[in-house]
Amino acid sequence: MVNLVNAQNNLETVSNILRDSIKPDILVHTSAEILTIDGGKVLKIEITRGSRRPYHLASKGMKPAGVFVRHGTSASAASDEAIRQMIIESDGTQYKNMRCINQSLTFKETKRLFEAQGLALEPMQKKNTWNYQLR
């Protein structure tokens with residue numbers, strides 16, 4: 001913004017817009033200041049890459065219409081896959097390493113599925129189940 005009459009109010013307005021329009025909160029990754037250039041007041045706003053990606057427009061949600069990625073000087077809507085990758089990268093958890101809250105686990109459903117297919121579910125298979133990974 002160039003040659004602002006009320007730069008301080010403009011700065012507050014921009015901060016409010018960022019706080020209300022982008023989720024999760026991006027302000028911690030934002031710096032803004034009023035500069036004087038050639039006698040006129042301008043706002044300098046910098047937003048660094050946040051750690052809780054993807055950031056999205058609150059009104060659009062976390063879907064391609066609300067998530068954008070920067071490509072040089074332009075921005076484009078993120079694909080569903082790009083959004084999924086951002087979530088995985090910022091979350092840092094892997095499904096196989098997550099703690100199971102439901103600790104009363106049984107093989108009843110597995111046994112039913114095996115029987116429906118005419119397969120036996122032996123004790124040794126139950127014992128070694130932790131070695132298998134979903135593919």
# chains A, B, ... in the order shown; residues from 1 in each chain; ligands from 1

call {"tool": "select_by_dssp", "arguments": {"residues": "region 37-102 of chain A", "states": "alpha helix (DSSP H)", "output": "list in words"}}
result
Asp80, Glu81, Ala82, Ile83, Arg84, Gln85, Met86, Ile87, Ile88, Glu89, Ser90 and Asp91 of chain A

call {"tool": "write_last_selection", "arguments": {"atoms": "C-alpha atoms", "output": "tab-separated table (two decimals), in the first residue's frame"}}
result
chain	number	residue	atom	x	y	z
A	80	ASP	CA	-5.90	-32.42	-2.73
A	81	GLU	CA	-2.62	-34.37	-2.77
A	82	ALA	CA	-0.57	-31.24	-1.97
A	83	ILE	CA	-2.87	-30.51	0.98
A	84	ARG	CA	-2.51	-34.09	2.21
A	85	GLN	CA	1.29	-33.87	1.98
A	86	MET	CA	1.34	-30.58	3.94
A	87	ILE	CA	-0.73	-32.19	6.69
A	88	ILE	CA	1.61	-35.19	6.86
A	89	GLU	CA	4.73	-32.98	6.89
A	90	SER	CA	3.48	-30.61	9.56
A	91	ASP	CA	1.86	-33.25	11.76

call {"tool": "select_by_dssp", "arguments": {"residues": "chain A", "states": "strand (DSSP E or B)", "output": "list of chain:residue names"}}
result
A:Ile22, A:Lys23, A:Thr30, A:Ser31, A:Ala32, A:Glu33, A:Ile34, A:Leu35, A:Thr36, A:Ile37, A:Gly40, A:Lys41, A:Val42, A:Leu43, A:Lys44, A:Ile45, A:Glu46, A:Ile47, A:His56, A:Leu57, A:Phe68, A:Val69, A:Arg70, A:His71, A:Ser74, A:Ala75, A:Ser76, A:Ala77

call {"tool": "write_last_selection", "arguments": {"atoms": "C-alpha atoms", "output": "CSV table (one decimal), in the first residue's frame"}}
result
chain,number,residue,atom,x,y,z
A,22,ILE,CA,-6.6,-17.4,7.7
A,23,LYS,CA,-6.6,-20.5,9.9
A,30,THR,CA,3.8,-12.2,10.3
A,31,SER,CA,5.7,-9.0,10.7
A,32,ALA,CA,4.4,-5.6,9.6
A,33,GLU,CA,5.8,-2.1,9.8
A,34,ILE,CA,5.1,1.4,8.5
A,35,LEU,CA,7.9,2.8,6.3
A,36,THR,CA,8.4,6.2,4.9
A,37,ILE,CA,9.4,6.1,1.2
A,40,GLY,CA,4.8,8.7,1.7
A,41,LYS,CA,3.8,6.1,4.2
A,42,VAL,CA,3.7,2.5,3.1
A,43,LEU,CA,3.1,-0.8,4.8
A,44,LYS,CA,5.7,-3.6,4.7
A,45,ILE,CA,4.2,-7.0,5.4
A,46,GLU,CA,6.2,-10.2,5.6
A,47,ILE,CA,4.7,-13.6,6.2
A,56,HIS,CA,-6.3,-21.9,4.6
A,57,LEU,CA,-9.0,-19.3,4.1
A,68,PHE,CA,-2.9,-21.8,-2.0
A,69,VAL,CA,0.7,-22.6,-2.8
A,70,ARG,CA,3.3,-20.1,-3.9
A,71,HIS,CA,5.2,-20.6,-7.2
A,74,SER,CA,2.4,-16.3,-8.3
A,75,ALA,CA,0.0,-18.4,-6.2
A,76,SER,CA,-2.3,-21.2,-7.3
A,77,ALA,CA,-4.9,-23.5,-5.6

call {"tool": "atom_distance", "arguments": {"atom1": "CA of Glu122 (chain A)", "atom2": "CA of Thr106 (chain A)"}}
result
13.8 Å

call {"tool": "closest_residue", "arguments": {"among": "A:Ser79, A:Thr110, A:Ser51, A:Thr13", "to": "Lys63 (chain A)", "atoms": "only C-alpha atoms"}}
result
A:Ser79

call {"tool": "residues_around", "arguments": {"residues": "Asp20 (chain A)", "least_positions_apart": "5", "cutoff": "9 Å", "atoms": "only C-alpha atoms", "output": "list of chain:residue names"}}
result
A:Ser15, A:Asp25, A:Ala58

call {"tool": "atom_distance", "arguments": {"atom1": "CA of Asn16 (chain A)", "atom2": "CA of Asp38 (chain A)"}}
result
27.4 Å

call {"tool": "atom_distance", "arguments": {"atom1": "CA of His29 (chain A)", "atom2": "CA of Thr48 (chain A)"}}
result
5.4 Å
